[in-house]
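Enquirer: Here you go, run-v1.tsv (TSV, C-alpha atoms):
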chain	number	residue	atom	x	y	z
A	1	MET	CA	-209.46	11.81	-200.94
A	2	TRP	CA	-209.06	15.43	-202.04
A	3	ALA	CA	-205.40	15.21	-203.06
A	4	GLU	CA	-203.10	12.28	-203.57
A	5	GLY	CA	-201.52	11.23	-200.31
A	6	PHE	CA	-203.96	13.23	-198.15
A	7	THR	CA	-207.04	11.75	-196.58
A	8	SER	CA	-208.43	14.95	-195.09
A	9	ARG	CA	-208.29	18.63	-195.90
A	10	PRO	CA	-205.59	20.68	-194.18
A	11	PRO	CA	-206.76	23.08	-191.49
A	12	LEU	CA	-207.88	26.50	-192.65
A	13	CYS	CA	-204.86	28.77	-192.83
A	14	PHE	CA	-204.70	31.92	-190.74
A	15	ALA	CA	-203.69	34.02	-193.74
A	16	CYS	CA	-206.87	32.96	-195.52
A	17	LEU	CA	-208.85	34.78	-192.83
A	18	MET	CA	-206.98	38.08	-193.26
A	19	THR	CA	-208.15	41.06	-195.21
A	20	PRO	CA	-205.81	42.24	-197.95
A	21	ALA	CA	-204.97	45.23	-195.74
A	22	SER	CA	-204.08	43.01	-192.78
A	23	ALA	CA	-202.01	40.79	-195.05
A	24	TYR	CA	-200.15	43.88	-196.29
A	25	LEU	CA	-199.42	45.12	-192.76
A	26	THR	CA	-198.24	41.65	-191.75
A	27	ASP	CA	-195.98	41.46	-194.77
A	28	VAL	CA	-194.53	44.93	-194.13
A	29	ARG	CA	-193.50	43.78	-190.67
A	30	VAL	CA	-192.09	40.50	-192.01
A	31	GLN	CA	-190.06	42.31	-194.68
A	32	PHE	CA	-188.65	44.79	-192.16
A	33	GLU	CA	-187.77	41.90	-189.82
A	34	LYS	CA	-185.95	40.15	-192.69
A	35	MET	CA	-184.01	43.34	-193.50
A	36	LYS	CA	-183.02	43.81	-189.86
A	37	LYS	CA	-181.90	40.19	-189.54
A	38	LEU	CA	-179.88	40.36	-192.77
A	39	ALA	CA	-178.09	43.55	-191.71
A	40	GLU	CA	-177.41	42.18	-188.24
A	41	GLY	CA	-175.98	39.00	-189.75
A	42	ALA	CA	-173.56	41.13	-191.76
A	43	LEU	CA	-172.68	43.45	-188.87
A	44	ALA	CA	-171.99	40.48	-186.60
A	45	GLN	CA	-169.28	39.24	-188.96
A	46	VAL	CA	-167.11	42.35	-189.00
A	47	THR	CA	-164.52	43.25	-186.40
A	48	ASP	CA	-164.94	46.30	-184.21
A	49	ASP	CA	-162.36	48.16	-186.30
A	50	GLU	CA	-164.14	47.18	-189.53
A	51	LEU	CA	-167.39	48.55	-188.13
A	52	LEU	CA	-165.78	52.01	-188.34
A	53	ALA	CA	-163.80	51.51	-191.58
A	54	THR	CA	-164.52	53.44	-194.77
A	55	LEU	CA	-163.40	52.60	-198.27
A	56	ASP	CA	-162.58	56.23	-199.08
A	57	PRO	CA	-163.23	59.72	-197.68
A	58	GLU	CA	-166.66	59.94	-199.37
A	59	SER	CA	-167.85	56.52	-198.18
A	60	ASN	CA	-169.80	55.73	-195.06
A	61	SER	CA	-168.73	53.16	-192.50
A	62	LEU	CA	-171.06	50.43	-191.33
A	63	ALA	CA	-171.51	52.34	-188.07
A	64	VAL	CA	-172.56	55.47	-189.98
A	65	ILE	CA	-175.05	53.57	-192.14
A	66	ALA	CA	-176.52	51.90	-189.05
A	67	ARG	CA	-176.72	55.26	-187.27
A	68	HIS	CA	-178.45	56.87	-190.25
A	69	MET	CA	-180.96	54.03	-190.52
A	70	ALA	CA	-181.74	54.23	-186.80
A	71	GLY	CA	-182.18	58.01	-186.96
A	72	ASN	CA	-184.42	57.69	-189.99
A	73	LEU	CA	-186.59	55.04	-188.31
A	74	ARG	CA	-186.97	57.09	-185.12
A	75	SER	CA	-187.86	60.22	-187.07
A	76	ARG	CA	-190.27	58.61	-189.51
A	77	PHE	CA	-192.12	56.36	-187.08
A	78	ARG	CA	-192.32	58.34	-183.84
A	79	ASP	CA	-195.84	59.79	-183.82
A	80	PHE	CA	-196.18	58.39	-187.34
A	81	LEU	CA	-199.82	59.23	-187.93
A	82	THR	CA	-199.84	62.67	-186.34
A	83	THR	CA	-196.57	64.49	-187.10
A	84	ASP	CA	-194.33	65.03	-190.11
A	85	GLY	CA	-191.86	62.17	-190.55
A	86	GLU	CA	-188.93	64.58	-190.58
A	87	LYS	CA	-188.87	65.55	-186.91
A	88	PRO	CA	-187.42	68.94	-185.96
A	89	ASP	CA	-185.09	67.31	-183.40
A	90	ARG	CA	-183.50	65.04	-186.00
A	91	ASN	CA	-179.97	65.95	-187.07
A	92	ARG	CA	-179.76	64.03	-190.33
A	93	ASP	CA	-176.40	65.48	-191.31
A	94	GLY	CA	-175.06	64.58	-187.88
A	95	GLU	CA	-175.95	60.94	-188.50
A	96	PHE	CA	-173.13	60.89	-191.05
A	97	GLU	CA	-170.54	62.34	-188.67
A	98	ILE	CA	-169.29	60.08	-185.94
A	99	GLU	CA	-167.11	61.67	-183.30
A	100	GLY	CA	-164.51	59.39	-181.80
A	101	SER	CA	-164.85	55.65	-181.98
A	102	PRO	CA	-168.19	54.37	-180.75
A	103	THR	CA	-168.17	50.84	-179.41
A	104	ARG	CA	-170.08	48.03	-181.08
A	105	GLU	CA	-172.43	48.08	-178.10
A	106	GLN	CA	-173.17	51.79	-178.63
A	107	VAL	CA	-173.75	51.31	-182.36
A	108	MET	CA	-176.07	48.35	-181.80
A	109	LYS	CA	-177.97	50.07	-178.98
A	110	ASP	CA	-178.67	53.03	-181.28
A	111	TRP	CA	-179.57	50.62	-184.12
A	112	GLU	CA	-182.00	48.71	-181.92
A	113	SER	CA	-183.70	51.88	-180.68
A	114	GLY	CA	-184.68	52.83	-184.23
A	115	TRP	CA	-186.10	49.40	-185.00
A	116	GLN	CA	-188.05	49.39	-181.72
A	117	VAL	CA	-189.81	52.60	-182.75
A	118	LEU	CA	-190.68	51.12	-186.14
A	119	PHE	CA	-192.04	47.84	-184.77
A	120	ALA	CA	-193.99	49.55	-181.99
A	121	THR	CA	-195.65	51.77	-184.59
A	122	LEU	CA	-196.40	48.88	-186.94
A	123	ASP	CA	-198.08	47.09	-184.04
A	124	THR	CA	-200.53	49.99	-183.66
A	125	LEU	CA	-201.55	50.29	-187.31
A	126	SER	CA	-204.89	48.89	-188.44
A	127	ASP	CA	-206.45	48.24	-191.82
A	128	ASN	CA	-208.28	51.55	-191.54
A	129	ASP	CA	-205.01	53.47	-191.22
A	130	LEU	CA	-203.61	52.45	-194.60
A	131	LEU	CA	-205.32	55.17	-196.61
A	132	ARG	CA	-204.78	57.89	-194.03
A	133	GLU	CA	-202.48	60.73	-194.97
A	134	VAL	CA	-199.09	61.26	-193.39
A	135	PHE	CA	-196.36	63.72	-194.28
A	136	ILE	CA	-192.64	63.28	-194.84
A	137	ARG	CA	-190.75	66.56	-195.24
A	138	GLY	CA	-194.06	68.24	-195.95
A	139	GLU	CA	-194.89	65.82	-198.78
A	140	ARG	CA	-198.27	64.08	-198.54
A	141	HIS	CA	-198.30	60.25	-198.59
A	142	SER	CA	-200.84	57.58	-197.84
A	143	VAL	CA	-199.69	55.28	-195.05
A	144	ILE	CA	-199.14	52.62	-197.73
A	145	GLN	CA	-196.90	54.97	-199.72
A	146	ALA	CA	-194.96	55.99	-196.61
A	147	LEU	CA	-194.40	52.35	-195.59
A	148	ASP	CA	-193.32	51.39	-199.11
A	149	ARG	CA	-190.99	54.41	-199.23
A	150	GLN	CA	-189.37	53.31	-195.97
A	151	MET	CA	-189.04	49.69	-197.05
A	152	THR	CA	-187.28	50.82	-200.22
A	153	HIS	CA	-184.99	53.19	-198.33
A	154	HIS	CA	-184.01	50.60	-195.77
A	155	ALA	CA	-183.55	47.81	-198.31
A	156	TYR	CA	-181.07	50.10	-200.08
A	157	HIS	CA	-179.08	50.66	-196.90
A	158	VAL	CA	-179.21	47.00	-195.87
A	159	GLY	CA	-177.72	46.21	-199.27
A	160	GLN	CA	-174.93	48.68	-198.53
A	161	ILE	CA	-174.28	47.05	-195.16
A	162	VAL	CA	-174.11	43.55	-196.63
A	163	PHE	CA	-171.91	44.66	-199.52
A	164	LEU	CA	-169.46	46.54	-197.31
A	165	ALA	CA	-169.30	43.82	-194.67
A	166	LYS	CA	-168.71	41.18	-197.35
A	167	HIS	CA	-165.97	43.32	-198.87
A	168	LEU	CA	-164.28	43.85	-195.50
A	169	ARG	CA	-164.46	40.17	-194.50
A	170	SER	CA	-163.43	38.94	-197.94
A	171	ALA	CA	-162.49	35.25	-197.73
A	172	GLU	CA	-163.78	35.07	-194.14
A	173	TRP	CA	-167.29	36.08	-195.16
A	174	ARG	CA	-170.05	33.61	-194.29
A	175	THR	CA	-172.94	33.88	-196.71
A	176	LEU	CA	-176.25	35.07	-195.36
A	177	SER	CA	-178.27	33.45	-198.12
A	178	MET	CA	-177.88	30.58	-200.55
A	179	PRO	CA	-174.16	30.01	-201.08
A	180	ARG	CA	-172.82	30.05	-204.60
A	181	ARG	CA	-171.87	26.67	-205.89
A	182	ARG	CA	-168.15	26.24	-206.00
A	183	GLN	CA	-168.32	23.24	-208.31
A	184	ARG	CA	-171.17	21.71	-210.17
A	185	PRO	CA	-171.82	18.08	-209.29
I'd like the structure from this file rewritten - as structure tokens, please.
Expert:
Amino acid sequence: MWAEGFTSRPPLCFACLMTPASAYLTDVRVQFEKMKKLAEGALAQVTDDELLATLDPESNSLAVIARHMAGNLRSRFRDFLTTDGEKPDRNRDGEFEIEGSPTREQVMKDWESGWQVLFATLDTLSDNDLLREVFIRGERHSVIQALDRQMTHHAYHVGQIVFLAKHLRSAEWRTLSMPRRRQRP
């Protein structure tokens, strides 16, 4: 017996067969999927009016943050390995200006389009790509640096989405993680 309670060794794990580079690429995808799910859990809790609400004139609404994230993902990850991550057709400033009142469906369709570009690109990357050079606004990055930069950027904005949605829902908020204990046993 190799361990108490076990009579045979467990099967070899898939992760044990991965290279460190493959493990990194897998984890990048997993972390982005977690961020997307967390933000969508927050966005699903707000009303359509709250999706467009701002706390003050200098604040962004949830719809604006989602639009900015989608625009950033499309720009950074379309033709990721071959063109600068700041595409000439991107209107970054326009991402922060919403005309009229977009519907939830429009906001989420735009949101999803950005994530689709990211995940499609991640699916094409190989271990050998990680040390290749890419550019973002003319600044040289390794693929690893560019991916880490994007994970940091999007984690920041997902935090904004969760914070704002929680603020807007107040007592009606349903936690997306471990709930705080109300009373100790």
Enquirer: Quick one: everything within 10 Å of region 96-103 of chain A, counting all atoms listed in the file, minus sequence neighbours fewer than 4 positions away in the same chain. Send it as number ranges by chain.
Expert: A: 48-49, 51-52, 59-61, 63-68, 91-92, 107-109
Enquirer: Just give me the gap between CA of Leu130 (chain A) and CA of Ile144 (chain A) in Å, one decimal is fine.
Expert: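 Spanning CA of Leu130 (chain A) to CA of Ile144 (chain A) is a straight-line distance of 5.5 Å.
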Enquirer: Could the residues of region 96-135 of chain A that have an atom at most 12 Å from region 34-43 of chain A be listed as CSV, each with its closest atom pair and the distance in Å to one decimal, counting only C-alpha atoms and ordered by chain and ascending residue number?
Expert:
residue,atom,partner,partner_atom,distance
A:Arg104,CA,A:Leu43,CA,9.4
A:Glu105,CA,A:Leu43,CA,11.7
A:Val107,CA,A:Leu43,CA,10.3
A:Met108,CA,A:Glu40,CA,9.0
A:Trp111,CA,A:Lys36,CA,9.6
A:Glu112,CA,A:Lys36,CA,9.4
A:Gly114,CA,A:Lys36,CA,10.8
A:Trp115,CA,A:Lys36,CA,8.0
A:Gln116,CA,A:Lys36,CA,11.1
A:Leu118,CA,A:Lys36,CA,11.2
A:Phe119,CA,A:Lys36,CA,11.1
Enquirer: Looking at A:Phe163, A:Trp173, A:Tyr156, A:Phe80, which one is nearest to Ser142 (chain A), with distances taken over all atoms listed in the file?
Expert: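 Checking each of A:Phe163, A:Trp173, A:Tyr156, A:Phe80 against Ser142 (chain A), counting all atoms listed in the file, the winner is A:Phe80.
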Enquirer: In Å, rounded to a single decimal, give me how far CA of Glu95 (chain A) is from CA of Asp27 (chain A).
Expert: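 Those two atoms sit 28.6 Å apart.
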Enquirer: May I ask for the distance between CA of Asn128 (chain A) and CA of Pro20 (chain A), given in Å to one decimal place?
Expert: 11.6 Å
